[in-house]
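Visitor: File structure_25.cif follows (mmCIF, C-alpha atoms, pLDDT in the B column; chains and numbers go by the auth columns):
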data_my_file
#
loop_
_atom_site.group_PDB
_atom_site.id
_atom_site.type_symbol
_atom_site.label_atom_id
_atom_site.label_comp_id
_atom_site.label_asym_id
_atom_site.label_seq_id
_atom_site.Cartn_x
_atom_site.Cartn_y
_atom_site.Cartn_z
_atom_site.B_iso_or_equiv
_atom_site.auth_seq_id
_atom_site.auth_asym_id
ATOM 1 C CA MET A 1 -19.784 4.096 -3.029 91.00 1 A
ATOM 2 C CA ILE A 2 -17.467 5.839 -0.505 97.00 2 A
ATOM 3 C CA LYS A 3 -17.732 9.541 0.220 97.00 3 A
ATOM 4 C CA PHE A 4 -15.823 11.700 2.697 98.00 4 A
ATOM 5 C CA ASN A 5 -17.325 15.149 3.278 97.00 5 A
ATOM 6 C CA GLN A 6 -14.899 17.502 5.061 98.00 6 A
ATOM 7 C CA VAL A 7 -13.598 14.686 7.245 98.00 7 A
ATOM 8 C CA SER A 8 -10.955 15.267 9.877 97.00 8 A
ATOM 9 C CA LYS A 9 -9.612 13.010 12.607 97.00 9 A
ATOM 10 C CA ARG A 10 -7.682 14.202 15.630 96.00 10 A
ATOM 11 C CA TYR A 11 -6.610 11.559 18.146 95.00 11 A
ATOM 12 C CA LYS A 12 -6.683 12.050 21.913 93.00 12 A
ATOM 13 C CA ASN A 13 -2.894 12.430 21.999 93.00 13 A
ATOM 14 C CA GLY A 14 -3.181 15.417 19.673 92.00 14 A
ATOM 15 C CA VAL A 15 -1.967 13.658 16.542 94.00 15 A
ATOM 16 C CA VAL A 16 -3.949 14.621 13.447 95.00 16 A
ATOM 17 C CA GLY A 17 -4.735 11.660 11.207 96.00 17 A
ATOM 18 C CA LEU A 18 -6.787 13.473 8.543 97.00 18 A
ATOM 19 C CA ARG A 19 -7.315 17.158 7.811 96.00 19 A
ATOM 20 C CA ASP A 20 -10.589 18.317 6.238 97.00 20 A
ATOM 21 C CA ASN A 21 -10.750 15.881 3.311 97.00 21 A
ATOM 22 C CA THR A 22 -13.594 15.662 0.797 97.00 22 A
ATOM 23 C CA ILE A 23 -13.493 12.895 -1.793 97.00 23 A
ATOM 24 C CA SER A 24 -15.693 10.299 -3.500 97.00 24 A
ATOM 25 C CA ILE A 25 -14.834 6.805 -4.719 97.00 25 A
ATOM 26 C CA GLU A 26 -17.415 5.492 -7.159 96.00 26 A
ATOM 27 C CA LYS A 27 -18.847 2.004 -7.549 96.00 27 A
ATOM 28 C CA GLY A 28 -16.538 -0.296 -9.500 96.00 28 A
ATOM 29 C CA GLU A 29 -13.433 1.886 -9.260 98.00 29 A
ATOM 30 C CA PHE A 30 -9.924 0.573 -8.575 98.00 30 A
ATOM 31 C CA VAL A 31 -8.063 3.097 -6.418 98.00 31 A
ATOM 32 C CA PHE A 32 -4.515 3.140 -5.093 98.00 32 A
ATOM 33 C CA LEU A 33 -4.110 4.968 -1.763 97.00 33 A
ATOM 34 C CA ILE A 34 -0.503 6.059 -1.385 97.00 34 A
ATOM 35 C CA GLY A 35 1.667 8.234 0.854 95.00 35 A
ATOM 36 C CA SER A 36 4.552 7.926 3.281 93.00 36 A
ATOM 37 C CA SER A 37 4.193 6.341 6.714 90.00 37 A
ATOM 38 C CA GLY A 38 2.062 8.566 8.911 91.00 38 A
ATOM 39 C CA ALA A 39 0.416 10.284 5.940 95.00 39 A
ATOM 40 C CA GLY A 40 -3.083 9.221 7.010 95.00 40 A
ATOM 41 C CA LYS A 41 -3.729 6.051 5.000 96.00 41 A
ATOM 42 C CA THR A 42 -4.468 3.869 8.017 93.00 42 A
ATOM 43 C CA THR A 43 -6.772 6.504 9.490 96.00 43 A
ATOM 44 C CA PHE A 44 -8.618 6.716 6.155 96.00 44 A
ATOM 45 C CA VAL A 45 -9.261 2.958 6.156 94.00 45 A
ATOM 46 C CA LYS A 46 -10.158 2.719 9.853 94.00 46 A
ATOM 47 C CA LEU A 47 -12.787 5.387 9.349 95.00 47 A
ATOM 48 C CA ILE A 48 -14.384 3.389 6.527 94.00 48 A
ATOM 49 C CA LEU A 49 -14.314 0.239 8.672 92.00 49 A
ATOM 50 C CA LYS A 50 -15.889 2.107 11.616 92.00 50 A
ATOM 51 C CA GLU A 51 -12.946 1.211 13.836 92.00 51 A
ATOM 52 C CA ILE A 52 -12.635 4.900 14.733 93.00 52 A
ATOM 53 C CA GLU A 53 -14.925 7.920 14.462 94.00 53 A
ATOM 54 C CA PRO A 54 -14.164 11.193 12.660 96.00 54 A
ATOM 55 C CA SER A 55 -13.622 14.322 14.718 96.00 55 A
ATOM 56 C CA GLN A 56 -15.624 16.246 12.147 96.00 56 A
ATOM 57 C CA GLY A 57 -17.287 15.698 8.791 97.00 57 A
ATOM 58 C CA ARG A 58 -19.507 12.943 7.411 97.00 58 A
ATOM 59 C CA ILE A 59 -18.754 9.575 5.825 97.00 59 A
ATOM 60 C CA PHE A 60 -21.087 7.765 3.434 96.00 60 A
ATOM 61 C CA LEU A 61 -20.906 4.124 2.358 95.00 61 A
ATOM 62 C CA ASP A 62 -23.153 2.826 -0.411 92.00 62 A
ATOM 63 C CA GLY A 63 -25.367 5.886 -0.022 89.00 63 A
ATOM 64 C CA ASP A 64 -25.780 5.561 3.757 90.00 64 A
ATOM 65 C CA ASP A 65 -24.403 8.053 6.264 92.00 65 A
ATOM 66 C CA ILE A 66 -22.309 5.887 8.590 93.00 66 A
ATOM 67 C CA THR A 67 -20.876 8.785 10.597 92.00 67 A
ATOM 68 C CA LYS A 68 -23.089 8.445 13.657 81.00 68 A
ATOM 69 C CA LEU A 69 -24.125 4.834 13.446 82.00 69 A
ATOM 70 C CA HIS A 70 -25.485 2.944 16.450 82.00 70 A
ATOM 71 C CA ARG A 71 -23.008 0.334 17.638 82.00 71 A
ATOM 72 C CA ARG A 72 -25.373 -2.560 16.933 84.00 72 A
ATOM 73 C CA LYS A 73 -25.596 -1.538 13.260 85.00 73 A
ATOM 74 C CA ILE A 74 -21.839 -1.519 12.659 86.00 74 A
ATOM 75 C CA PRO A 75 -21.643 -5.283 11.853 84.00 75 A
ATOM 76 C CA TYR A 76 -24.201 -4.781 9.079 84.00 76 A
ATOM 77 C CA VAL A 77 -22.073 -2.013 7.561 85.00 77 A
ATOM 78 C CA ARG A 78 -18.967 -4.187 7.701 85.00 78 A
ATOM 79 C CA ARG A 79 -20.717 -6.914 5.719 86.00 79 A
ATOM 80 C CA LYS A 80 -20.414 -4.586 2.727 92.00 80 A
ATOM 81 C CA LEU A 81 -16.637 -4.560 3.181 94.00 81 A
ATOM 82 C CA GLY A 82 -13.909 -7.117 2.656 94.00 82 A
ATOM 83 C CA ILE A 83 -10.357 -6.542 3.847 93.00 83 A
ATOM 84 C CA VAL A 84 -7.059 -8.143 2.865 94.00 84 A
ATOM 85 C CA PHE A 85 -4.137 -7.700 5.254 86.00 85 A
ATOM 86 C CA GLN A 86 -0.413 -7.619 4.538 84.00 86 A
ATOM 87 C CA ASP A 87 0.236 -10.251 7.230 88.00 87 A
ATOM 88 C CA PHE A 88 -2.609 -12.565 6.061 89.00 88 A
ATOM 89 C CA ARG A 89 -4.093 -13.114 9.563 90.00 89 A
ATOM 90 C CA LEU A 90 -5.066 -16.719 8.908 94.00 90 A
ATOM 91 C CA LEU A 91 -6.056 -19.025 11.750 94.00 91 A
ATOM 92 C CA PRO A 92 -3.142 -21.496 11.981 94.00 92 A
ATOM 93 C CA LYS A 93 -5.074 -24.533 13.209 95.00 93 A
ATOM 94 C CA MET A 94 -7.729 -24.293 10.495 96.00 94 A
ATOM 95 C CA THR A 95 -7.486 -25.569 6.943 97.00 95 A
ATOM 96 C CA VAL A 96 -7.694 -23.252 3.955 97.00 96 A
ATOM 97 C CA ALA A 97 -11.373 -24.074 3.492 97.00 97 A
ATOM 98 C CA GLU A 98 -12.113 -23.593 7.196 96.00 98 A
ATOM 99 C CA ASN A 99 -10.359 -20.211 7.233 96.00 99 A
ATOM 100 C CA VAL A 100 -12.483 -19.024 4.335 95.00 100 A
ATOM 101 C CA ALA A 101 -15.718 -20.510 5.690 95.00 101 A
ATOM 102 C CA TYR A 102 -15.185 -18.859 9.075 92.00 102 A
ATOM 103 C CA THR A 103 -16.327 -15.487 7.703 87.00 103 A
ATOM 104 C CA LEU A 104 -19.760 -16.827 6.783 88.00 104 A
ATOM 105 C CA GLU A 105 -20.032 -18.779 10.032 88.00 105 A
ATOM 106 C CA ILE A 106 -19.535 -15.553 11.985 84.00 106 A
ATOM 107 C CA VAL A 107 -22.120 -13.699 9.891 78.00 107 A
ATOM 108 C CA GLY A 108 -24.607 -16.524 10.374 77.00 108 A
ATOM 109 C CA GLY A 109 -27.710 -17.424 8.420 78.00 109 A
ATOM 110 C CA TYR A 110 -25.962 -19.747 5.953 83.00 110 A
ATOM 111 C CA SER A 111 -26.525 -23.486 5.700 89.00 111 A
ATOM 112 C CA LYS A 112 -23.524 -25.801 5.724 90.00 112 A
ATOM 113 C CA ARG A 113 -24.268 -26.675 2.117 92.00 113 A
ATOM 114 C CA LYS A 114 -24.310 -23.007 1.088 92.00 114 A
ATOM 115 C CA ILE A 115 -21.052 -22.359 2.931 93.00 115 A
ATOM 116 C CA ARG A 116 -19.340 -25.289 1.184 93.00 116 A
ATOM 117 C CA SER A 117 -20.584 -24.016 -2.165 94.00 117 A
ATOM 118 C CA GLN A 118 -19.358 -20.472 -1.523 93.00 118 A
ATOM 119 C CA VAL A 119 -15.981 -21.678 -0.263 95.00 119 A
ATOM 120 C CA SER A 120 -15.462 -23.792 -3.381 95.00 120 A
ATOM 121 C CA MET A 121 -16.447 -20.879 -5.593 94.00 121 A
ATOM 122 C CA VAL A 122 -14.061 -18.312 -4.096 95.00 122 A
ATOM 123 C CA LEU A 123 -11.177 -20.788 -3.824 96.00 123 A
ATOM 124 C CA GLY A 124 -11.705 -21.416 -7.524 94.00 124 A
ATOM 125 C CA VAL A 125 -11.486 -17.672 -8.179 93.00 125 A
ATOM 126 C CA VAL A 126 -8.089 -17.440 -6.435 95.00 126 A
ATOM 127 C CA GLY A 127 -6.828 -20.740 -7.843 94.00 127 A
ATOM 128 C CA LEU A 128 -6.575 -22.685 -4.587 95.00 128 A
ATOM 129 C CA LEU A 129 -9.341 -25.263 -4.824 95.00 129 A
ATOM 130 C CA ASP A 130 -6.747 -28.049 -4.771 95.00 130 A
ATOM 131 C CA LYS A 131 -5.289 -26.729 -1.474 96.00 131 A
ATOM 132 C CA SER A 132 -8.573 -26.676 0.468 96.00 132 A
ATOM 133 C CA ASN A 133 -7.419 -29.143 3.113 96.00 133 A
ATOM 134 C CA MET A 134 -3.974 -27.688 3.725 97.00 134 A
ATOM 135 C CA LYS A 135 -3.032 -25.660 6.795 97.00 135 A
ATOM 136 C CA PRO A 136 -1.492 -22.172 6.501 95.00 136 A
ATOM 137 C CA HIS A 137 2.004 -23.402 7.427 96.00 137 A
ATOM 138 C CA GLN A 138 1.945 -25.619 4.328 97.00 138 A
ATOM 139 C CA LEU A 139 1.412 -22.662 1.990 96.00 139 A
ATOM 140 C CA SER A 140 3.714 -20.140 0.362 94.00 140 A
ATOM 141 C CA GLY A 141 3.343 -16.424 1.085 93.00 141 A
ATOM 142 C CA GLY A 142 1.470 -15.883 -2.173 94.00 142 A
ATOM 143 C CA GLU A 143 -0.886 -18.764 -1.437 95.00 143 A
ATOM 144 C CA LYS A 144 -1.593 -17.378 2.027 95.00 144 A
ATOM 145 C CA GLN A 145 -2.458 -14.033 0.502 94.00 145 A
ATOM 146 C CA ARG A 146 -4.806 -15.713 -1.964 94.00 146 A
ATOM 147 C CA VAL A 147 -6.568 -17.411 0.961 96.00 147 A
ATOM 148 C CA SER A 148 -6.856 -13.993 2.591 95.00 148 A
ATOM 149 C CA ILE A 149 -8.451 -12.620 -0.581 96.00 149 A
ATOM 150 C CA ALA A 150 -10.859 -15.567 -0.803 96.00 150 A
ATOM 151 C CA ARG A 151 -11.899 -14.980 2.797 95.00 151 A
ATOM 152 C CA ALA A 152 -12.435 -11.269 2.079 94.00 152 A
ATOM 153 C CA ILE A 153 -14.699 -11.811 -0.936 94.00 153 A
ATOM 154 C CA ILE A 154 -16.752 -14.813 0.202 93.00 154 A
ATOM 155 C CA ASN A 155 -19.530 -12.537 1.469 89.00 155 A
ATOM 156 C CA ASN A 156 -19.696 -10.691 -1.889 90.00 156 A
ATOM 157 C CA PRO A 157 -18.622 -7.324 -0.430 93.00 157 A
ATOM 158 C CA LYS A 158 -19.298 -4.141 -2.353 95.00 158 A
ATOM 159 C CA VAL A 159 -15.884 -2.770 -1.379 97.00 159 A
ATOM 160 C CA LEU A 160 -12.600 -4.655 -1.033 97.00 160 A
ATOM 161 C CA ILE A 161 -9.891 -2.906 0.961 97.00 161 A
ATOM 162 C CA ALA A 162 -6.427 -4.355 0.388 96.00 162 A
ATOM 163 C CA ASP A 163 -3.868 -3.153 2.936 93.00 163 A
ATOM 164 C CA GLU A 164 -0.396 -3.636 1.434 93.00 164 A
ATOM 165 C CA PRO A 165 -1.371 -7.020 -0.072 93.00 165 A
ATOM 166 C CA THR A 166 1.963 -7.341 -1.934 92.00 166 A
ATOM 167 C CA GLY A 167 4.138 -5.973 0.857 88.00 167 A
ATOM 168 C CA ASN A 168 5.606 -9.335 1.924 85.00 168 A
ATOM 169 C CA LEU A 169 5.756 -10.931 -1.519 90.00 169 A
ATOM 170 C CA ASP A 170 8.339 -11.221 -4.277 92.00 170 A
ATOM 171 C CA PRO A 171 7.634 -9.341 -7.545 91.00 171 A
ATOM 172 C CA GLU A 172 6.364 -12.365 -9.505 92.00 172 A
ATOM 173 C CA THR A 173 3.961 -13.380 -6.745 93.00 173 A
ATOM 174 C CA SER A 174 2.875 -9.766 -6.330 93.00 174 A
ATOM 175 C CA TRP A 175 1.673 -9.701 -9.926 95.00 175 A
ATOM 176 C CA GLU A 176 -0.288 -12.916 -9.392 94.00 176 A
ATOM 177 C CA ILE A 177 -2.100 -11.177 -6.527 95.00 177 A
ATOM 178 C CA MET A 178 -2.688 -8.057 -8.617 96.00 178 A
ATOM 179 C CA LYS A 179 -4.230 -10.140 -11.417 95.00 179 A
ATOM 180 C CA ILE A 180 -6.687 -11.608 -8.912 95.00 180 A
ATOM 181 C CA LEU A 181 -7.575 -8.169 -7.518 96.00 181 A
ATOM 182 C CA ARG A 182 -8.083 -6.856 -11.041 96.00 182 A
ATOM 183 C CA GLN A 183 -10.340 -9.826 -11.821 95.00 183 A
ATOM 184 C CA ILE A 184 -12.413 -9.145 -8.693 95.00 184 A
ATOM 185 C CA ASN A 185 -12.670 -5.477 -9.664 96.00 185 A
ATOM 186 C CA ARG A 186 -13.855 -6.370 -13.158 95.00 186 A
ATOM 187 C CA ARG A 187 -16.713 -8.312 -11.602 93.00 187 A
ATOM 188 C CA GLY A 188 -17.964 -5.034 -10.120 94.00 188 A
ATOM 189 C CA THR A 189 -16.319 -4.846 -6.698 96.00 189 A
ATOM 190 C CA THR A 190 -14.825 -1.490 -5.738 97.00 190 A
ATOM 191 C CA VAL A 191 -11.156 -1.988 -4.771 98.00 191 A
ATOM 192 C CA VAL A 192 -9.176 0.385 -2.555 97.00 192 A
ATOM 193 C CA MET A 193 -5.555 -0.699 -2.220 97.00 193 A
ATOM 194 C CA ILE A 194 -3.044 0.848 0.178 96.00 194 A
ATOM 195 C CA THR A 195 0.433 0.357 -1.194 96.00 195 A
ATOM 196 C CA HIS A 196 4.049 1.482 -1.327 93.00 196 A
ATOM 197 C CA ASP A 197 4.664 -0.682 -4.399 94.00 197 A
ATOM 198 C CA LYS A 198 5.769 1.889 -6.970 94.00 198 A
ATOM 199 C CA GLU A 199 6.072 -0.612 -9.824 94.00 199 A
ATOM 200 C CA VAL A 200 2.528 -1.916 -9.394 95.00 200 A
ATOM 201 C CA VAL A 201 1.031 1.576 -9.302 96.00 201 A
ATOM 202 C CA ASP A 202 3.073 2.798 -12.280 96.00 202 A
ATOM 203 C CA ILE A 203 2.199 -0.170 -14.490 95.00 203 A
ATOM 204 C CA MET A 204 -1.487 -0.533 -13.648 95.00 204 A
ATOM 205 C CA LYS A 205 -2.354 3.142 -14.246 95.00 205 A
ATOM 206 C CA LYS A 206 -5.421 3.289 -12.017 97.00 206 A
ATOM 207 C CA ARG A 207 -6.781 6.182 -9.987 97.00 207 A
ATOM 208 C CA VAL A 208 -4.225 7.368 -7.427 98.00 208 A
ATOM 209 C CA ILE A 209 -5.131 9.195 -4.208 98.00 209 A
ATOM 210 C CA GLU A 210 -2.069 10.512 -2.393 97.00 210 A
ATOM 211 C CA LEU A 211 -2.055 11.596 1.234 97.00 211 A
ATOM 212 C CA ASN A 212 0.523 13.725 2.998 96.00 212 A
ATOM 213 C CA ASP A 213 0.309 14.873 6.611 96.00 213 A
ATOM 214 C CA GLY A 214 -3.374 13.918 6.733 97.00 214 A
ATOM 215 C CA LYS A 215 -4.346 15.844 3.615 97.00 215 A
ATOM 216 C CA ILE A 216 -5.185 14.592 0.129 97.00 216 A
ATOM 217 C CA ILE A 217 -2.588 16.293 -2.065 97.00 217 A
ATOM 218 C CA ARG A 218 -3.304 14.440 -5.313 96.00 218 A
ATOM 219 C CA ASP A 219 -6.248 12.685 -6.915 97.00 219 A
ATOM 220 C CA GLN A 220 -5.229 11.513 -10.376 96.00 220 A
ATOM 221 C CA MET A 221 -6.886 9.215 -12.882 96.00 221 A
ATOM 222 C CA ASN A 222 -4.520 6.833 -14.724 95.00 222 A
ATOM 223 C CA GLY A 223 -1.851 7.941 -12.292 94.00 223 A
ATOM 224 C CA GLY A 224 1.586 6.739 -11.322 94.00 224 A
ATOM 225 C CA TYR A 225 3.290 6.581 -7.960 93.00 225 A
ATOM 226 C CA GLY A 226 5.001 9.951 -8.413 82.00 226 A
ATOM 227 C CA TYR A 227 3.886 13.169 -10.009 63.00 227 A
ATOM 228 C CA GLU A 228 3.733 13.069 -13.765 54.00 228 A
ATOM 229 C CA GLY A 229 3.809 15.821 -16.326 43.00 229 A
#
How does the structure come out when it is put into C-alpha cells?
Guide:
Amino acid sequence: MIKFNQVSKRYKNGVVGLRDNTISIEKGEFVFLIGSSGAGKTTFVKLILKEIEPSQGRIFLDGDDITKLHRRKIPYVRRKLGIVFQDFRLLPKMTVAENVAYTLEIVGGYSKRKIRSQVSMVLGVVGLLDKSNMKPHQLSGGEKQRVSIARAIINNPKVLIADEPTGNLDPETSWEIMKILRQINRRGTTVVMITHDKEVVDIMKKRVIELNDGKIIRDQMNGGYGYEG
C-alpha cells in the first residue's frame, strides 16, 4: 500500500528530515509511527501526502509511483488518503454534518442525496448521528475528534493517517478514539498513526516503526513503545 525505496529528504536550510529509508506498509495494516520530536515523523507523513518532495528515492502508494507526479494529479492521489489531526481542524461556523459533508463537496461529483447518505453513515460509525446539527463549540474534545475521523473516512480512503489523534484527550476518551480507529482498520483501511502515547502502543501491540534522527531504527510486529526483549 505504501512503499518507501531509499527515500531521503533534505530541506533547503540543511536540515535532514529522512535518511535513506526503505520500508513497506501493506494493505490493511495498523502501524504506529513513533519517535521523539524532530525524529522525522512529520516528514514521513508529508511525503505520503505529497506536501513535500523527497530529495532522493521513490515513493509508491497503492502500487503507483507518486514520486514525480504532475501537480494536477496530486488531488487524485490524496483522495486515497484520509487524515485526522490532533487539533481537529473543524470549521467553527459549520455543523457537524456540514463539516463532514464538506470533504465530498470539495471532491465534487456527488449528489446532495448521496452526500447526506454518506454523512449519516460515517456519523453512525463514530457514534455521533445524534449530534449532526451541533456546532464544534458545543462538543467535547473526544466528540470533535470523532467528527474529524468521520470527515477523514467519508471518501472511503485506502489509507487513514492519524496524527496524534489522542494527544489532547484524557485516557478514557483516548480509548474511545482507538476503538473507532481499530474498527475502521478491521473494515480494511490501512491505518498509520503518529503517536507519543506509550500506553496505547503498549496495550494494542500493533506494528511499530520507530524513527530517530531521520532514520528508521526499529520495525517491530506486535511491538511496544520501547524496546522489548
Visitor: Written as a list in words, what is the full residue list that the PyMOL selection byres ((chain A and resi 156) around 10) yields on the file shown?
Guide: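 Evaluating the PyMOL selection byres ((chain A and resi 156) around 10) on this file yields Arg79, Lys80, Leu81, Gly82, Gln118, Val122, Ala152, Ile153, Ile154, Asn155, Pro157, Lys158, Val159, Leu160 and Thr189 of chain A.
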Visitor: Would you export the selected residues with C-alpha atoms as a compact mmCIF listing (two decimals), in the coordinates of the input, please?
Guide:
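Saved to selection-v6.txt:
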# COMPACT_ATOMS: atom_id res chain seq x y z
CA ARG A 79 -20.72 -6.91 5.72
CA LYS A 80 -20.41 -4.59 2.73
CA LEU A 81 -16.64 -4.56 3.18
CA GLY A 82 -13.91 -7.12 2.66
CA GLN A 118 -19.36 -20.47 -1.52
CA VAL A 122 -14.06 -18.31 -4.10
CA ALA A 152 -12.44 -11.27 2.08
CA ILE A 153 -14.70 -11.81 -0.94
CA ILE A 154 -16.75 -14.81 0.20
CA ASN A 155 -19.53 -12.54 1.47
CA PRO A 157 -18.62 -7.32 -0.43
CA LYS A 158 -19.30 -4.14 -2.35
CA VAL A 159 -15.88 -2.77 -1.38
CA LEU A 160 -12.60 -4.66 -1.03
CA THR A 189 -16.32 -4.85 -6.70
Visitor: Tell me, as a PyMOL selection string, which residues lie within 6 Å of Val96 of chain A, counting all atoms listed in the file; anything in the same chain fewer than 2 positions away does not count.
Guide: chain A and resi 98-99+132-135
Visitor: Export C-alpha atoms of the chosen residues as a PDB file, keeping the file's coordinate frame?
Guide:
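Writing the result to selection-v1.pdb gives the following:
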ATOM      1  CA  GLU A  98     -12.113 -23.593   7.196  1.00 96.00           C
ATOM      2  CA  ASN A  99     -10.359 -20.211   7.233  1.00 96.00           C
ATOM      3  CA  SER A 132      -8.573 -26.676   0.468  1.00 96.00           C
ATOM      4  CA  ASN A 133      -7.419 -29.143   3.113  1.00 96.00           C
ATOM      5  CA  MET A 134      -3.974 -27.688   3.725  1.00 97.00           C
ATOM      6  CA  LYS A 135      -3.032 -25.660   6.795  1.00 97.00           C
TER       7      LYS A 135
END
Visitor: If you measure from atom CA of Ile161 of chain A to atom CA of Phe85 of chain A, what distance in Å do you get, rounded to one decimal?
Guide: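 So the answer is 8.6 Å.
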Visitor: Please identify all polymer residues lying at most 9 Å from the point (-4.0, -2.1, 3.5) (file coordinates), using only C-alpha atoms, and present the result as a list in words.
Guide: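 Within the cut-off we find Leu33, Lys41, Thr42, Val45, Ile83, Val84, Phe85, Gln86, Ile161, Ala162, Asp163, Glu164, Pro165, Val192, Met193, Ile194 and Thr195 of chain A.
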Visitor: Find the residues of segment 78-140 of chain A that sit at most 10 Å from segment 176-181 of chain A; for each, write down the nearest two atoms and how far apart they are in Å, to one decimal. Count only C-alpha atoms. Sort by chain, then by number going up, and give it as a Markdown table.
Guide:
| residue | atom | partner | partner_atom | distance |
| --- | --- | --- | --- | --- |
| A:Val125 | CA | A:Ile180 | CA | 7.8 |
| A:Val126 | CA | A:Ile180 | CA | 6.5 |
| A:Gly127 | CA | A:Ile180 | CA | 9.2 |
Visitor: Please evaluate the PyMOL selection byres ((chain A and resi 66) around 12) against the displayed coordinates and give the resulting residues as a VMD selection string.
Guide: chain A and resid 2 to 5 47 to 54 57 to 65 67 to 71 73 to 78
Visitor: Near Gln56 of chain A, within 9 Å and counting all atoms listed in the file, which residues show up once chain neighbours fewer than 3 positions away are dropped, as a list in words?
Guide: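 In the requested format, the answer is Gln6, Val7, Ser8, Lys9, Arg10, Asp20 and Glu53 of chain A.
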Visitor: So that I have them on file, write out the residues from the current selection with C-alpha atoms, as a tab-separated table (two decimals), keeping the file's coordinate frame.
Guide:
chain	number	residue	atom	x	y	z
A	6	GLN	CA	-14.90	17.50	5.06
A	7	VAL	CA	-13.60	14.69	7.24
A	8	SER	CA	-10.96	15.27	9.88
A	9	LYS	CA	-9.61	13.01	12.61
A	10	ARG	CA	-7.68	14.20	15.63
A	20	ASP	CA	-10.59	18.32	6.24
A	53	GLU	CA	-14.92	7.92	14.46
Visitor: Nearest to Asn168 of chain A: which of A:Met204, A:Asp87, A:Glu199, A:Arg218 is it, counting all atoms listed in the file?
Guide: A:Asp87
Visitor: Please expand the PyMOL selection byres ((chain A and resi 205) around 12) into the concrete residues it hits in this file, giving the result as a ChimeraX atom specification.
Guide: /A:30-32,182,198-204,206-208,220-226,228
Visitor: Looking at all atoms listed in the file, which of A:Ile115, A:Ile149, A:Gly108, A:Asn13 is the one that sits closest to Gln183 of chain A?
Guide: A:Ile149
Visitor: Pick the closest to Leu90 of chain A from A:Thr43, A:Gln145, A:Ser37, A:Ser140: which is it, counting only C-alpha atoms?
Guide: A:Gln145
Visitor: Rounded to one decimal, what separation in Å do you get between atom CA of Ala97 of chain A and atom CA of Val119 of chain A?
Guide: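 One can read the atom CA of Ala97 of chain A to atom CA of Val119 of chain A distance as 6.4 Å.
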Visitor: What's the separation between atom CA of Leu104 of chain A and atom CA of Arg89 of chain A, in Å to one decimal place?
Guide: 16.3 Å
Visitor: So, with only C-alpha atoms as the atoms that count, which of A:Ser174, A:Thr190, A:Asn212, A:Gln138 lies closest to Met1 of chain A?
Guide: A:Thr190
Visitor: Build an axis-aligned box that encloses every atom of segment 180-188 of chain A listed in the file, pad it by 5 Å on each side, and report its centre and edge lengths in Å to one decimal, as AutoDock Vina command-line options.
Guide:
--center_x -12.3 --center_y -8.3 --center_z -10.3 --size_x 21.3 --size_y 16.6 --size_z 15.6
Visitor: Give the answer as one residue: which of A:Ser36, A:Ser148, A:Thr103, A:Ser24 has the shortest atom-to-atom distance to Thr166 of chain A, using only C-alpha atoms?
Guide: A:Ser148
